[in-house]
file query-v3.csv (CSV, C-alpha atoms and all ligand atoms)
chain,number,residue,atom,x,y,z
K,21,MET,CA,107.6,98.9,59.8
K,22,LYS,CA,104.9,98.4,62.3
K,23,GLN,CA,105.5,99.8,65.8
K,24,ALA,CA,104.2,98.9,69.3
K,25,ILE,CA,104.7,100.3,72.8
K,26,ILE,CA,104.4,97.7,75.5
K,27,ILE,CA,104.2,98.8,79.1
K,28,GLY,CA,105.2,96.0,81.4
K,29,ALA,CA,107.5,94.1,79.1
K,30,THR,CA,110.2,93.0,81.5
K,31,SER,CA,108.6,89.6,82.0
K,32,GLY,CA,105.6,87.4,81.3
K,33,LEU,CA,103.0,88.3,78.7
K,34,GLY,CA,104.4,91.7,77.9
K,35,GLU,CA,107.9,90.3,77.2
K,36,ALA,CA,106.5,87.3,75.2
K,37,VAL,CA,104.4,89.7,73.1
K,38,ALA,CA,107.4,91.9,72.5
K,39,ARG,CA,109.5,89.0,71.4
K,40,GLN,CA,106.8,87.7,69.0
K,41,LEU,CA,106.2,91.2,67.5
K,42,ILE,CA,110.0,91.7,67.0
K,43,GLY,CA,110.1,88.2,65.4
K,44,GLU,CA,107.5,89.4,62.9
K,45,GLY,CA,109.4,92.5,62.0
K,46,TRP,CA,107.9,95.1,64.3
K,47,ARG,CA,109.8,97.7,66.2
K,48,VAL,CA,108.9,97.9,69.9
K,49,GLY,CA,109.2,100.4,72.7
K,50,ILE,CA,109.2,98.7,76.1
K,51,ALA,CA,108.9,99.9,79.7
K,52,GLY,CA,108.9,98.5,83.2
K,53,ARG,CA,110.9,99.0,86.4
K,54,ARG,CA,113.6,96.4,86.0
K,55,GLU,CA,116.1,98.1,83.8
K,56,HIS,CA,118.5,95.1,83.4
K,57,ARG,CA,115.6,93.2,81.7
K,58,LEU,CA,114.8,96.0,79.4
K,59,GLU,CA,118.5,96.4,78.5
K,60,ALA,CA,118.9,92.7,77.9
K,61,LEU,CA,116.1,92.7,75.4
K,62,GLN,CA,117.6,95.7,73.6
K,63,ARG,CA,121.0,94.0,73.6
K,64,GLU,CA,119.5,90.8,72.2
K,65,TYR,CA,117.6,92.5,69.3
K,66,GLY,CA,119.5,95.8,68.7
K,67,ARG,CA,118.6,99.4,69.2
K,68,ASP,CA,116.9,99.7,65.8
K,69,ARG,CA,114.3,97.1,66.9
K,70,VAL,CA,114.0,97.9,70.6
K,71,ALA,CA,113.8,101.2,72.5
K,72,TYR,CA,113.2,101.3,76.2
K,73,ARG,CA,112.5,103.5,79.2
K,74,VAL,CA,112.5,102.6,82.9
K,75,MET,CA,109.0,103.4,84.2
K,76,ASP,CA,107.0,102.9,87.4
K,77,VAL,CA,103.4,103.4,86.5
K,78,MET,CA,102.5,104.3,90.1
K,79,LEU,CA,104.5,107.5,89.8
K,80,PRO,CA,103.3,110.6,88.0
K,81,SER,CA,106.7,110.7,86.2
K,82,ALA,CA,105.6,107.6,84.2
K,83,THR,CA,104.1,110.0,81.6
K,84,GLU,CA,107.5,111.6,81.1
K,85,ALA,CA,109.0,108.2,80.4
K,86,LEU,CA,106.1,107.5,78.0
K,87,ASP,CA,106.8,110.8,76.2
K,88,ALA,CA,110.4,109.9,75.9
K,89,LEU,CA,109.6,106.5,74.5
K,90,LEU,CA,107.1,108.1,72.0
K,91,GLU,CA,110.0,110.4,70.8
K,92,GLU,CA,111.8,107.2,69.7
K,93,VAL,CA,108.8,105.1,68.7
K,94,SER,CA,106.6,107.8,67.3
K,95,ALA,CA,103.0,107.3,66.3
K,96,PRO,CA,102.9,103.6,67.2
K,97,ASP,CA,100.3,101.3,65.8
K,98,VAL,CA,99.7,99.7,69.1
K,99,LEU,CA,99.9,100.6,72.8
K,100,LEU,CA,99.7,97.5,75.0
K,101,TYR,CA,99.3,97.9,78.8
K,102,ALA,CA,100.6,94.6,80.0
K,103,THR,CA,101.5,95.9,83.5
K,104,GLY,CA,99.8,94.3,86.4
K,105,ILE,CA,100.2,92.9,89.9
K,106,GLY,CA,98.0,90.9,92.1
K,107,ARG,CA,97.8,87.8,94.2
K,108,GLN,CA,95.5,86.0,96.5
K,109,ASN,CA,95.0,88.1,99.6
K,110,PRO,CA,92.3,86.5,101.8
K,111,ASP,CA,93.9,88.2,104.9
K,112,LEU,CA,93.4,91.6,103.3
K,113,GLU,CA,97.0,92.7,103.7
K,114,GLU,CA,96.1,96.4,103.2
K,115,GLN,CA,99.2,97.6,101.4
K,116,MET,CA,99.0,94.7,98.9
K,117,GLU,CA,95.4,95.7,98.1
K,118,ILE,CA,96.3,99.3,97.7
K,119,ARG,CA,99.3,98.7,95.5
K,120,THR,CA,97.2,96.5,93.3
K,121,VAL,CA,94.6,99.3,92.9
K,122,GLN,CA,97.4,101.8,92.2
K,123,THR,CA,99.2,99.6,89.6
K,124,ASN,CA,96.2,98.1,87.8
K,125,CYS,CA,93.8,101.1,87.9
K,126,GLU,CA,95.7,104.3,88.6
K,127,GLY,CA,98.7,103.2,86.4
K,128,MET,CA,96.4,102.1,83.5
K,129,VAL,CA,94.5,105.4,83.6
K,130,ARG,CA,97.7,107.4,83.7
K,131,ILE,CA,99.2,105.7,80.7
K,132,VAL,CA,96.1,105.1,78.6
K,133,ASP,CA,94.7,108.6,79.0
K,134,HIS,CA,98.1,110.2,78.3
K,135,PHE,CA,98.5,108.1,75.2
K,136,ILE,CA,95.0,109.1,73.9
K,137,ASN,CA,95.9,112.8,74.4
K,138,TYR,CA,99.1,112.1,72.5
K,139,VAL,CA,97.1,110.6,69.6
K,140,LYS,CA,94.8,113.7,69.6
K,141,ARG,CA,97.6,116.1,69.0
K,142,THR,CA,99.6,113.9,66.6
K,143,PRO,CA,98.8,114.7,62.9
K,144,ARG,CA,100.2,111.3,61.7
K,145,TYR,CA,97.1,109.6,63.1
K,146,ASP,CA,94.1,109.7,60.8
K,147,THR,CA,91.4,107.3,59.5
K,148,LYS,CA,94.2,105.4,57.6
K,149,HIS,CA,96.6,105.2,60.5
K,150,ARG,CA,94.7,104.5,63.7
K,151,ALA,CA,96.1,103.6,67.1
K,152,HIS,CA,95.0,100.4,68.8
K,153,ILE,CA,95.1,100.6,72.6
K,154,ALA,CA,94.9,97.2,74.4
K,155,VAL,CA,95.0,96.3,78.1
K,156,ILE,CA,95.6,92.9,79.5
K,157,THR,CA,92.8,92.5,82.0
K,158,SER,CA,91.7,89.0,83.1
K,159,VAL,CA,88.9,86.6,83.2
K,160,ALA,CA,89.1,87.2,86.9
K,161,GLY,CA,87.3,90.5,86.3
K,162,THR,CA,84.1,88.6,85.4
K,163,MET,CA,83.2,88.3,89.1
K,164,GLY,CA,84.5,89.6,92.5
K,165,ILE,CA,86.7,86.8,93.8
K,166,GLY,CA,86.9,86.4,97.6
K,167,GLN,CA,90.4,85.1,97.5
K,168,ALA,CA,91.7,88.0,95.5
K,169,PRO,CA,89.4,91.1,96.1
K,170,ALA,CA,91.6,93.9,94.8
K,171,TYR,CA,92.9,91.8,91.9
K,172,SER,CA,89.5,90.8,90.6
K,173,ALA,CA,87.9,94.2,91.2
K,174,THR,CA,90.7,96.1,89.5
K,175,LYS,CA,90.4,93.8,86.5
K,176,SER,CA,86.7,94.5,86.4
K,177,MET,CA,87.4,98.3,86.6
K,178,GLN,CA,89.9,98.0,83.7
K,179,SER,CA,87.3,96.4,81.5
K,180,ALA,CA,84.6,98.9,82.4
K,181,TYR,CA,87.0,101.8,81.8
K,182,LEU,CA,87.8,100.4,78.3
K,183,VAL,CA,84.1,100.3,77.5
K,184,ALA,CA,83.8,103.9,78.6
K,185,LEU,CA,86.8,104.9,76.5
K,186,SER,CA,85.6,103.2,73.4
K,187,GLN,CA,82.3,105.1,73.6
K,188,LEU,CA,84.1,108.4,74.3
K,189,ILE,CA,86.5,107.8,71.3
K,190,ARG,CA,83.5,107.3,69.0
K,191,MET,CA,81.8,110.5,70.4
K,192,ARG,CA,85.0,112.4,69.7
K,193,ARG,CA,85.7,110.6,66.3
K,194,LEU,CA,89.2,109.8,67.3
K,195,PRO,CA,91.4,107.5,65.2
K,196,ILE,CA,91.7,104.9,68.0
K,197,THR,CA,90.4,101.4,68.6
K,198,VAL,CA,90.3,99.7,72.0
K,199,GLY,CA,90.9,96.1,73.0
K,200,ASP,CA,90.3,94.3,76.2
K,201,ILE,CA,92.4,91.1,76.4
K,202,ARG,CA,91.3,88.6,79.1
K,203,PRO,CA,93.6,85.7,79.7
K,204,GLY,CA,93.0,82.8,82.1
K,205,PHE,CA,96.0,81.3,84.0
K,206,VAL,CA,99.3,81.7,82.2
K,207,ALA,CA,102.6,80.5,83.6
K,208,THR,CA,104.3,83.8,84.5
K,209,GLU,CA,105.9,85.4,87.5
K,210,ILE,CA,102.5,86.8,88.7
K,211,LEU,CA,101.4,83.3,89.7
K,212,ASN,CA,102.5,81.6,92.9
K,213,PRO,CA,105.1,78.9,91.9
K,214,GLU,CA,104.0,76.7,94.7
K,215,LYS,CA,100.4,76.4,93.6
K,216,HIS,CA,98.8,74.3,91.0
K,217,TYR,CA,96.7,76.2,88.4
K,218,PRO,CA,94.1,74.5,86.2
K,219,MET,CA,94.1,75.1,82.4
K,220,LEU,CA,97.5,76.7,82.6
K,221,MET,CA,98.9,78.1,79.4
K,222,THR,CA,102.5,79.0,78.5
K,223,ALA,CA,103.4,82.7,78.0
K,224,GLN,CA,104.3,81.9,74.4
K,225,SER,CA,101.0,80.4,73.5
K,226,ALA,CA,99.1,83.2,75.3
K,227,ALA,CA,101.3,85.7,73.4
K,228,ARG,CA,100.1,84.2,70.1
K,229,HIS,CA,96.5,84.8,71.1
K,230,ILE,CA,97.4,88.4,72.2
K,231,VAL,CA,99.3,89.3,69.0
K,232,ARG,CA,96.4,88.0,66.9
K,233,SER,CA,94.0,90.1,68.9
K,234,LEU,CA,96.2,93.2,68.4
K,235,LYS,CA,96.5,92.7,64.7
K,236,ARG,CA,92.7,92.2,64.3
K,237,ARG,CA,92.0,95.1,66.7
K,238,GLN,CA,89.6,92.9,68.6
K,239,ARG,CA,87.3,94.5,71.2
K,240,ILE,CA,87.3,91.6,73.6
K,241,THR,CA,89.6,88.6,73.6
K,242,ILE,CA,89.1,85.7,75.9
K,243,PHE,CA,91.4,82.7,75.3
K,244,ASP,CA,91.3,79.9,74.9
K,245,TRP,CA,87.9,78.2,74.3
K,246,ARG,CA,87.9,76.6,77.7
K,247,TYR,CA,88.0,80.0,79.4
K,248,ARG,CA,85.3,81.3,77.1
K,249,LEU,CA,83.1,78.5,78.2
K,250,LEU,CA,84.0,79.1,81.9
K,251,VAL,CA,83.3,82.8,81.7
K,252,GLY,CA,80.0,82.2,80.0
K,253,PHE,CA,79.0,79.8,82.8
K,254,TRP,CA,80.2,82.2,85.6
K,255,ARG,CA,78.1,85.0,84.3
K,256,LEU,CA,75.0,82.9,84.8
K,257,ILE,CA,75.6,82.3,88.5
K,258,PRO,CA,73.3,84.6,90.6
K,259,ARG,CA,74.9,86.6,93.4
K,260,TRP,CA,73.4,84.6,96.2
K,261,LEU,CA,74.8,81.4,94.8
K,262,TRP,CA,78.2,83.0,94.0
K,263,GLU,CA,78.6,84.1,97.7
K,264,ARG,CA,78.1,80.5,98.7
K,265,LEU,CA,80.7,79.1,96.3
K,266,THR,CA,83.5,79.1,98.9
K,267,MET,CA,85.4,76.3,97.1
K,268,VAL,CA,86.4,78.9,94.4
K,269,LYS,CA,89.9,79.4,95.6
K,270,ASN,CA,91.8,80.7,92.6
K,301,LIG,N1,99.7,85.2,84.2
K,301,LIG,C1,98.4,85.0,84.4
K,301,LIG,O1,97.9,84.0,84.8
K,301,LIG,C2,97.5,86.2,84.0
K,301,LIG,C3,96.1,85.9,83.8
K,301,LIG,C4,95.2,86.9,83.5
K,301,LIG,C5,95.7,88.2,83.4
K,301,LIG,N2,97.0,88.5,83.6
K,301,LIG,C6,97.5,89.9,83.5
K,301,LIG,O2,98.5,90.0,82.6
K,301,LIG,C7,99.3,91.1,82.9
K,301,LIG,C8,100.8,90.7,82.8
K,301,LIG,O3,101.1,89.9,83.8
K,301,LIG,P1,102.1,88.6,83.7
K,301,LIG,O4,101.3,87.4,83.9
K,301,LIG,O5,102.8,88.8,82.4
K,301,LIG,O6,102.9,88.8,85.0
K,301,LIG,P2,104.4,89.3,85.2
K,301,LIG,O7,105.4,88.4,84.5
K,301,LIG,O8,104.6,89.5,86.7
K,301,LIG,O9,104.5,90.8,84.4
K,301,LIG,C9,104.0,91.9,85.0
K,301,LIG,C10,104.7,93.1,84.4
K,301,LIG,O10,104.2,94.3,85.0
K,301,LIG,C11,105.3,95.1,85.3
K,301,LIG,N3,105.0,96.0,86.4
K,301,LIG,C12,104.5,95.7,87.6
K,301,LIG,N4,104.4,96.7,88.4
K,301,LIG,C13,104.8,97.8,87.7
K,301,LIG,C14,104.9,99.2,87.9
K,301,LIG,N5,104.6,99.7,89.1
K,301,LIG,N6,105.4,100.0,86.9
K,301,LIG,C15,105.7,99.5,85.7
K,301,LIG,N7,105.6,98.2,85.4
K,301,LIG,C16,105.2,97.3,86.4
K,301,LIG,C17,106.4,94.2,85.6
K,301,LIG,O11,107.6,94.9,85.3
K,301,LIG,P3,108.6,95.4,86.5
K,301,LIG,O12,108.4,94.5,87.7
K,301,LIG,O13,110.0,95.3,85.9
K,301,LIG,O14,108.2,96.8,86.8
K,301,LIG,C18,106.2,93.1,84.5
K,301,LIG,O15,106.8,93.5,83.3
K,301,LIG,C19,98.8,91.6,84.3
K,301,LIG,O16,98.0,92.7,84.2
K,301,LIG,C20,98.1,90.4,84.8
K,301,LIG,O17,97.1,90.8,85.7
K,301,LIG,C21,97.9,87.5,83.9
call {"tool": "encode", "arguments": {"input": "query-v3.csv", "output": "structure tokens"}}
result
Amino acid sequence: MKQAIIIGATSGLGEAVARQLIGEGWRVGIAGRREHRLEALQREYGRDRVAYRVMDVMLPSATEALDALLEEVSAPDVLLYATGIGRQNPDLEEQMEIRTVQTNCEGMVRIVDHFINYVKRTPRYDTKHRAHIAVITSVAGTMGIGQAPAYSATKSMQSAYLVALSQLIRMRRLPITVGDIRPGFVATEILNPEKHYPMLMTAQSAARHIVRSLKRRQRITIFDWRYRLLVGFWRLIPRWLWERLTMVKN
């Protein structure tokens, strides 16, 4: 039976991916802060399919919760970091910016590095059984976005960190692959329910793209084709012009 650990599985993309993997016969270890949601998923599918630990990635104790989860779901095939916060913050509410950095950057580094060190000391990983580490970043990491400075910048940092890790993993010949999953707008709790978002996808449809990416161990996944086109176009915009595109609100 294939196994995955999903950090940030109490709602949205993490939960949708967990459900899809369980539906395909996987065993999952899930984490997040809202225990009632973790417990509900375990109750729905049973303890043999779902293990959980309450975890706040902003706290150093998150690694203890991860270790406890790895006791139950040992040597998983996949570790997915689906945790993330962020919203438009043009007034630069400082605590919001700082919490976004802590959750998306500090939290990711804490969990991903701890897991890599776990893989290093776990003999069950070898060239035949490699771990795949994936992080849900965002197309928002392509450029700094004035309406959401911390969100877009933390997503960019996540992507750059994953590139660095994949090079380090090769240098050290570790049995690990790394994936950077960059969705566009998906209807989850992270979005403002009062706003309209273009090219919005459902969490279920996004989860199908994510699960495919995990199984194929894709390095970079941008979905769907409309976002691939958009990101390609964004990258061509010079900095002086980007600064002037003040109609970019989302
Ligand atoms: N939805 C989109 O349009 C979209 C687009 C691009 C990228 N993404 C990215 O996709 C990822 C998942 O977001 P989502 O859309 O699925 O939103 P979501 O429904 O709000 O899910 C966020 C998840 O992160 C967890 N989380 C937040 N802070 C945490 C903390 N301190 N410790 C542990 N877990 C924490 C939440 O669990 P608890 O609150 O229970 O802790 C929840 O499970 C995020 O990184 C987001 O940036 C989303």
call {"tool": "closest_atom_pairs", "arguments": {"input": "query-v3.csv", "of": "chain K", "to": "ligand LIG 301 (chain K)", "cutoff": "6 Å", "atoms": "all atoms listed in the file", "output": "JSON lines"}}
result
{"residue": "K:Gly28", "atom": "CA", "partner": "K:LIG301", "partner_atom": "O15", "distance": 3.5}
{"residue": "K:Ala29", "atom": "CA", "partner": "K:LIG301", "partner_atom": "O15", "distance": 4.3}
{"residue": "K:Thr30", "atom": "CA", "partner": "K:LIG301", "partner_atom": "O15", "distance": 3.9}
{"residue": "K:Ser31", "atom": "CA", "partner": "K:LIG301", "partner_atom": "O7", "distance": 4.2}
{"residue": "K:Gly32", "atom": "CA", "partner": "K:LIG301", "partner_atom": "O5", "distance": 3.3}
{"residue": "K:Leu33", "atom": "CA", "partner": "K:LIG301", "partner_atom": "O5", "distance": 3.7}
{"residue": "K:Gly34", "atom": "CA", "partner": "K:LIG301", "partner_atom": "O5", "distance": 5.6}
{"residue": "K:Gly52", "atom": "CA", "partner": "K:LIG301", "partner_atom": "N7", "distance": 4.0}
{"residue": "K:Arg53", "atom": "CA", "partner": "K:LIG301", "partner_atom": "O14", "distance": 3.5}
{"residue": "K:Arg54", "atom": "CA", "partner": "K:LIG301", "partner_atom": "O13", "distance": 3.8}
{"residue": "K:Met75", "atom": "CA", "partner": "K:LIG301", "partner_atom": "C15", "distance": 5.3}
{"residue": "K:Asp76", "atom": "CA", "partner": "K:LIG301", "partner_atom": "N6", "distance": 3.3}
{"residue": "K:Val77", "atom": "CA", "partner": "K:LIG301", "partner_atom": "N6", "distance": 4.0}
{"residue": "K:Met78", "atom": "CA", "partner": "K:LIG301", "partner_atom": "N5", "distance": 5.2}
{"residue": "K:Ala102", "atom": "CA", "partner": "K:LIG301", "partner_atom": "C7", "distance": 4.7}
{"residue": "K:Thr103", "atom": "CA", "partner": "K:LIG301", "partner_atom": "O10", "distance": 3.5}
{"residue": "K:Gly104", "atom": "CA", "partner": "K:LIG301", "partner_atom": "O16", "distance": 3.3}
{"residue": "K:Ile105", "atom": "CA", "partner": "K:LIG301", "partner_atom": "C12", "distance": 5.6}
{"residue": "K:Thr123", "atom": "CA", "partner": "K:LIG301", "partner_atom": "N5", "distance": 5.4}
{"residue": "K:Ile156", "atom": "CA", "partner": "K:LIG301", "partner_atom": "O2", "distance": 5.1}
{"residue": "K:Thr157", "atom": "CA", "partner": "K:LIG301", "partner_atom": "C5", "distance": 5.4}
{"residue": "K:Ser158", "atom": "CA", "partner": "K:LIG301", "partner_atom": "C5", "distance": 4.1}
{"residue": "K:Pro203", "atom": "CA", "partner": "K:LIG301", "partner_atom": "C4", "distance": 4.3}
{"residue": "K:Gly204", "atom": "CA", "partner": "K:LIG301", "partner_atom": "C3", "distance": 4.7}
{"residue": "K:Phe205", "atom": "CA", "partner": "K:LIG301", "partner_atom": "O1", "distance": 3.4}
{"residue": "K:Val206", "atom": "CA", "partner": "K:LIG301", "partner_atom": "O1", "distance": 3.7}
{"residue": "K:Ala207", "atom": "CA", "partner": "K:LIG301", "partner_atom": "N1", "distance": 5.6}
{"residue": "K:Thr208", "atom": "CA", "partner": "K:LIG301", "partner_atom": "O4", "distance": 4.7}
{"residue": "K:Glu209", "atom": "CA", "partner": "K:LIG301", "partner_atom": "O7", "distance": 4.3}
{"residue": "K:Ile210", "atom": "CA", "partner": "K:LIG301", "partner_atom": "O8", "distance": 4.0}
call {"tool": "closest_atom_pairs", "arguments": {"input": "query-v3.csv", "of": "stretch 130-163 of chain K", "to": "stretch 177-190 of chain K", "cutoff": "10 Å", "atoms": "all atoms listed in the file", "output": "tab-separated table"}}
result
residue	atom	partner	partner_atom	distance
K:Val132	CA	K:Leu185	CA	9.5
K:Asp133	CA	K:Leu185	CA	9.1
K:Ile136	CA	K:Ile189	CA	9.0
K:Ile153	CA	K:Leu182	CA	9.3
K:Ala154	CA	K:Leu182	CA	8.7
K:Val155	CA	K:Gln178	CA	7.8
K:Ile156	CA	K:Gln178	CA	8.7
K:Thr157	CA	K:Gln178	CA	6.4
K:Ser158	CA	K:Ser179	CA	8.8
K:Gly161	CA	K:Ser179	CA	7.6
K:Thr162	CA	K:Ser179	CA	9.3
call {"tool": "write_last_selection", "arguments": {"input": "query-v3.csv", "atoms": "C-alpha atoms", "output": "short mmCIF file (atom, residue, chain, number, x, y, z; two decimals), in the frame of the given file"}}
result
data_model
loop_
_atom_site.label_atom_id
_atom_site.label_comp_id
_atom_site.auth_asym_id
_atom_site.auth_seq_id
_atom_site.Cartn_x
_atom_site.Cartn_y
_atom_site.Cartn_z
CA VAL K 132 96.10 105.10 78.60
CA ASP K 133 94.70 108.60 79.00
CA ILE K 136 95.00 109.10 73.90
CA ILE K 153 95.10 100.60 72.60
CA ALA K 154 94.90 97.20 74.40
CA VAL K 155 95.00 96.30 78.10
CA ILE K 156 95.60 92.90 79.50
CA THR K 157 92.80 92.50 82.00
CA SER K 158 91.70 89.00 83.10
CA GLY K 161 87.30 90.50 86.30
CA THR K 162 84.10 88.60 85.40
#
call {"tool": "atom_distance", "arguments": {"input": "query-v3.csv", "atom1": "atom CA of K:Met191", "atom2": "atom CA of K:His149"}}
result
18.6 Å
call {"tool": "residues_around", "arguments": {"input": "query-v3.csv", "residues": "K:Gln40", "least_positions_apart": "5", "cutoff": "10 Å", "atoms": "only C-alpha atoms", "output": "ChimeraX atom specification"}}
result
/K:35,45-46,224,227-228,230-231
call {"tool": "closest_residue", "arguments": {"input": "query-v3.csv", "among": "K:Tyr171, K:Trp260, K:Phe253, K:Tyr101", "to": "K:His152", "atoms": "only C-alpha atoms"}}
result
K:Tyr101
call {"tool": "closest_residue", "arguments": {"input": "query-v3.csv", "among": "K:His216, K:His229, K:Arg239, K:Arg119", "to": "K:Ala36", "atoms": "all atoms listed in the file"}}
result
K:His229
call {"tool": "closest_residue", "arguments": {"input": "query-v3.csv", "among": "K:Gly66, K:Pro258, K:Pro110, K:Gly49", "to": "K:Asp97", "atoms": "all atoms listed in the file"}}
result
K:Gly49
call {"tool": "atom_distance", "arguments": {"input": "query-v3.csv", "atom1": "atom CA of K:Arg107", "atom2": "atom CA of K:Val159"}}
result
14.2 Å
call {"tool": "atom_distance", "arguments": {"input": "query-v3.csv", "atom1": "atom CA of K:Arg57", "atom2": "atom CA of K:Val70"}}
result
12.2 Å
call {"tool": "residues_around", "arguments": {"input": "query-v3.csv", "residues": "K:Ala24", "least_positions_apart": "3", "cutoff": "8 Å", "atoms": "only C-alpha atoms", "output": "PyMOL selection string"}}
result
chain K and resi 46-49+93+96-100
call {"tool": "closest_residue", "arguments": {"input": "query-v3.csv", "among": "K:Ala160, K:Pro195, K:Thr266, K:Lys175", "to": "K:Arg141", "atoms": "only C-alpha atoms"}}
result
K:Pro195
call {"tool": "closest_residue", "arguments": {"input": "query-v3.csv", "among": "K:Ile26, K:Gly199, K:Glu92, K:Leu194", "to": "K:Lys140", "atoms": "all atoms listed in the file"}}
result
K:Leu194
call {"tool": "closest_residue", "arguments": {"input": "query-v3.csv", "among": "K:Glu214, K:Asp200, K:Glu64, K:Glu91", "to": "K:Tyr138", "atoms": "all atoms listed in the file"}}
result
K:Glu91
